[in-house]
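What follows is the content of query12.tsv (TSV, C-alpha atoms and all ligand atoms).
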chain	number	residue	atom	x	y	z
A	16	PRO	CA	41.96	128.59	137.35
A	17	ILE	CA	44.88	126.20	137.94
A	18	LYS	CA	43.89	123.49	140.38
A	19	THR	CA	46.50	123.24	143.10
A	20	ASP	CA	46.85	120.48	145.68
A	21	CYS	CA	43.93	121.07	148.05
A	22	PRO	CA	41.93	119.01	150.54
A	23	LEU	CA	39.53	116.62	148.82
A	24	ASP	CA	35.86	117.50	148.57
A	25	ARG	CA	33.20	114.81	148.96
A	26	GLU	CA	33.17	113.91	145.26
A	27	GLU	CA	36.96	113.72	144.91
A	28	LEU	CA	37.28	111.65	148.06
A	29	GLY	CA	34.49	109.36	146.88
A	30	LYS	CA	36.00	108.77	143.46
A	31	ALA	CA	39.46	108.10	144.88
A	32	THR	CA	38.08	105.80	147.56
A	33	TRP	CA	35.87	103.75	145.25
A	34	SER	CA	38.83	103.38	142.86
A	35	PHE	CA	40.92	101.94	145.67
A	36	LEU	CA	38.18	99.74	147.12
A	37	HIS	CA	37.08	98.22	143.79
A	38	THR	CA	40.69	97.65	142.70
A	39	MET	CA	41.42	95.96	146.03
A	40	ALA	CA	38.34	93.74	145.64
A	41	SER	CA	39.29	92.77	142.08
A	42	TYR	CA	42.73	91.70	143.31
A	43	PHE	CA	41.47	89.83	146.40
A	44	PRO	CA	42.54	86.17	146.16
A	45	GLU	CA	40.29	83.77	144.26
A	46	LYS	CA	40.95	81.28	147.04
A	47	PRO	CA	41.60	83.31	150.20
A	48	THR	CA	42.64	81.72	153.45
A	49	LYS	CA	40.18	81.87	156.33
A	50	ALA	CA	42.34	84.58	157.89
A	51	GLN	CA	42.29	86.67	154.70
A	52	SER	CA	38.50	86.43	154.47
A	53	GLU	CA	38.09	87.39	158.11
A	54	ASP	CA	40.55	90.27	157.82
A	55	MET	CA	38.77	91.63	154.75
A	56	SER	CA	35.45	91.59	156.60
A	57	ARG	CA	37.08	93.44	159.46
A	58	PHE	CA	38.63	95.91	157.02
A	59	PHE	CA	35.20	96.98	155.76
A	60	ASN	CA	33.74	97.20	159.23
A	61	ILE	CA	36.61	99.39	160.37
A	62	PHE	CA	36.59	101.41	157.14
A	63	SER	CA	32.93	102.22	157.70
A	64	GLN	CA	33.77	103.65	161.13
A	65	PHE	CA	36.47	106.02	159.88
A	66	TYR	CA	35.47	107.07	156.35
A	67	PRO	CA	35.96	110.83	156.59
A	68	CYS	CA	32.53	111.94	155.35
A	69	GLU	CA	30.24	111.59	158.31
A	70	SER	CA	26.85	111.32	156.62
A	71	CYS	CA	28.33	108.97	153.98
A	72	ALA	CA	29.85	106.78	156.70
A	73	ASP	CA	26.60	106.73	158.72
A	74	ASP	CA	24.61	105.41	155.76
A	75	PHE	CA	27.39	103.04	154.69
A	76	ARG	CA	27.59	101.54	158.19
A	77	LYS	CA	23.83	100.87	158.16
A	78	ASP	CA	24.05	99.28	154.72
A	79	VAL	CA	27.04	97.11	155.71
A	80	LYS	CA	25.24	96.04	158.87
A	81	GLU	CA	22.25	94.87	156.80
A	82	ASN	CA	24.49	93.43	154.08
A	83	PRO	CA	27.69	92.14	155.72
A	84	PRO	CA	30.86	91.82	153.61
A	85	LYS	CA	30.99	88.71	151.40
A	86	THR	CA	34.60	87.68	151.53
A	87	ALA	CA	34.58	84.00	150.54
A	88	ASN	CA	36.42	84.78	147.29
A	89	ARG	CA	37.29	87.52	144.76
A	90	ASN	CA	34.08	87.32	142.74
A	91	GLU	CA	31.85	87.46	145.79
A	92	LEU	CA	33.71	90.40	147.28
A	93	ALA	CA	33.75	92.38	144.00
A	94	LYS	CA	30.04	91.75	143.49
A	95	TRP	CA	29.18	92.67	147.08
A	96	LEU	CA	31.14	95.93	146.84
A	97	CYS	CA	29.60	96.76	143.46
A	98	GLN	CA	26.17	96.35	145.03
A	99	ARG	CA	27.12	98.62	147.95
A	100	HIS	CA	28.33	101.27	145.47
A	101	ASN	CA	25.07	100.90	143.54
A	102	VAL	CA	23.12	101.61	146.73
A	103	VAL	CA	24.99	104.93	146.93
A	104	ASN	CA	24.51	105.54	143.19
A	105	VAL	CA	20.74	105.13	143.57
A	106	LYS	CA	20.71	107.42	146.59
A	107	LEU	CA	22.54	110.10	144.59
A	108	GLY	CA	20.46	109.62	141.43
A	109	LYS	CA	23.44	108.21	139.49
A	110	PRO	CA	23.09	105.28	137.05
A	111	GLU	CA	23.59	101.78	138.44
A	112	PHE	CA	26.71	99.93	137.29
A	113	ASP	CA	26.46	96.47	135.63
A	114	CYS	CA	28.17	94.32	138.28
A	115	SER	CA	28.91	91.53	135.79
A	116	ARG	CA	31.57	93.89	134.31
A	117	VAL	CA	33.25	94.92	137.53
A	118	HIS	CA	36.54	93.06	136.82
A	119	GLU	CA	36.67	94.61	133.32
A	120	ARG	CA	36.37	98.05	134.87
A	121	TRP	CA	38.86	97.54	137.70
A	122	ARG	CA	41.27	94.76	136.71
A	123	ASP	CA	41.18	93.33	133.19
A	124	GLY	CA	40.16	96.31	131.03
A	125	TRP	CA	37.10	96.34	128.73
A	126	LEU	CA	36.69	93.34	126.46
A	127	ASP	CA	36.76	95.61	123.37
A	128	GLY	CA	40.43	96.33	124.13
A	129	SER	CA	39.87	100.07	124.66
A	130	CYS	CA	42.06	100.24	127.79
A	131	PRO	CA	45.86	100.56	127.57
A	201	LIG	P1	31.86	107.41	141.58
A	201	LIG	O1	30.54	107.03	142.13
A	201	LIG	O2	32.91	107.92	142.52
A	201	LIG	O3	32.43	106.15	140.77
A	201	LIG	C1	33.73	106.15	140.20
A	201	LIG	C2	33.74	105.17	139.05
A	201	LIG	O4	33.40	103.89	139.53
A	201	LIG	C3	32.68	105.43	137.98
A	201	LIG	O5	33.15	106.32	137.02
A	201	LIG	C4	32.41	104.06	137.41
A	201	LIG	O6	33.29	103.76	136.36
A	201	LIG	C5	32.69	103.13	138.55
A	201	LIG	N1	31.48	102.65	139.21
A	201	LIG	C6	30.30	103.30	139.40
A	201	LIG	N2	29.46	102.52	140.08
A	201	LIG	C7	30.10	101.36	140.33
A	201	LIG	C8	29.75	100.16	140.99
A	201	LIG	N3	28.53	100.00	141.53
A	201	LIG	N4	30.66	99.17	141.06
A	201	LIG	C9	31.88	99.31	140.49
A	201	LIG	N5	32.28	100.43	139.87
A	201	LIG	C10	31.41	101.43	139.78
A	201	LIG	N6	28.52	110.99	148.26
A	201	LIG	C11	27.44	111.68	148.71
A	201	LIG	O7	27.15	112.76	148.22
A	201	LIG	N7	26.64	111.14	149.70
A	201	LIG	C12	26.92	109.93	150.28
A	201	LIG	O8	26.21	109.49	151.18
A	201	LIG	C13	28.06	109.23	149.83
A	201	LIG	N8	28.41	108.05	150.39
A	201	LIG	C14	29.57	107.43	150.02
A	201	LIG	C15	29.95	106.27	150.67
A	201	LIG	C16	31.14	105.66	150.34
A	201	LIG	C17	31.55	104.42	151.07
A	201	LIG	C18	31.99	106.22	149.36
A	201	LIG	C19	33.31	105.57	149.03
A	201	LIG	C20	31.60	107.36	148.69
A	201	LIG	C21	30.39	107.99	149.00
A	201	LIG	N9	29.98	109.15	148.35
A	201	LIG	C22	28.85	109.81	148.79
A	201	LIG	C23	30.69	109.66	147.16
A	201	LIG	C24	29.98	109.20	145.87
A	201	LIG	O9	29.70	107.80	145.91
A	201	LIG	C25	30.83	109.45	144.61
A	201	LIG	O10	32.12	108.90	144.78
A	201	LIG	C26	30.97	110.91	144.23
A	201	LIG	O11	29.68	111.49	144.11
A	201	LIG	C27	31.73	111.06	142.89
A	201	LIG	O12	30.96	110.38	141.90
A	201	LIG	P2	31.48	110.04	140.46
A	201	LIG	O13	30.33	110.34	139.54
A	201	LIG	O14	32.80	110.69	140.20
A	201	LIG	O15	31.67	108.45	140.40

Could the structure of this file be written out as structure tokens, please?
Ligand code: FAD
Amino acid sequence: PIKTDCPLDREELGKATWSFLHTMASYFPEKPTKAQSEDMSRFFNIFSQFYPCESCADDFRKDVKENPPKTANRNELAKWLCQRHNVVNVKLGKPEFDCSRVHERWRDGWLDGSCP
């Protein structure tokens, strides 16, 4: 059947959201101001209150409480977020992602040149 524009299911919402979050982290400044670092921490705390999948948000809030956002610079933020996503991957039985390649996936493209 032709897929028309419909409300997102949990998987579609998750994929779209992770794409946005990881891309945002990979473009976070390498040398953020104090205000940028504080705002990014707040962003994730607020995000975790309103993510529109209740059980997902409940677990994510607990995880973020135990592992607060690391917003000192781009690499720290991208690594922190990759680890949070891996917590969800493990919970869902999905493979863990190699966090040393997170900027290749979301900003630079793979080193083998396979991305346009
Ligand atoms: P996704 O997990 O959506 O990943 C998309 C792409 O990101 C992958 O193809 C891969 O290239 C890349 N990627 C994978 N892992 C990483 C990583 N660690 N770091 C960087 N990039 C990576 N679903 C549930 O059923 N239960 C939940 O409790 C739940 N909690 C969620 C909490 C949050 C905050 C979010 C954003 C989503 C949550 N989801 C949850 C949705 C779930 O994580 C997936 O998005 C969904 O199952 C679709 O999975 P996918 O296989 O398309 O790939």

Open item on the list: Let me see if you get this right: every residue at most 7 Å from ligand LIG 201 (chain A), counting only C-alpha atoms and all ligand atoms, written as a ChimeraX atom specification.
Closed with: /A:25-34,37,70-72,74-75,96-101,103-104,107,111-112,114,117,120

- [ ] Find the residues near Glu119 in chain A: any atom within 12 Å, counting only C-alpha atoms, skip ones fewer than 6 places away on the same chain, and give them as number ranges by chain.
- [x] A: 37-38, 41, 93, 112-113, 125-130

TODO: Counting all atoms listed in the file, figure out which residue out of A:His118, A:Val79, A:Arg89, A:Phe59 gets nearest to Pro47 in chain A.
DONE: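 The shortest atom-to-atom distance to Pro47 in chain A comes from A:Arg89.
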
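Reported to one decimal place, the separation of CA of Asn82 in chain A from CA of Pro44 in chain A is 21.0 Å.
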
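Of the residues under consideration (A:Arg122, A:Lys106, A:Lys18, A:Lys85), A:Lys85 shows the shortest atom-to-atom contact distance to Glu53 in chain A when counting only C-alpha atoms.
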
Task: Nearest to Lys46 in chain A by atom-to-atom distance, counting all atoms listed in the file, from A:Lys94, A:Asp24, A:Thr86, A:Pro110 - done: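 Looking at the shortest contact to Lys46 in chain A, the residue is A:Thr86.
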
Task: Selected residue, from A:Leu92, A:Val105, A:Glu69, A:Ile17, that lies nearest to Tyr42 in chain A when counting all atoms listed in the file - done: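 Of A:Leu92, A:Val105, A:Glu69, A:Ile17, the one nearest Tyr42 in chain A is A:Leu92, counting all atoms listed in the file.
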
- [ ] Return the single residue from A:Leu36, A:Asp78, A:Pro83, A:Asp73 that is closest to Ser56 in chain A, with distances computed using only C-alpha atoms.
- [x]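 Result for the nearest residue to Ser56 in chain A: A:Pro83.
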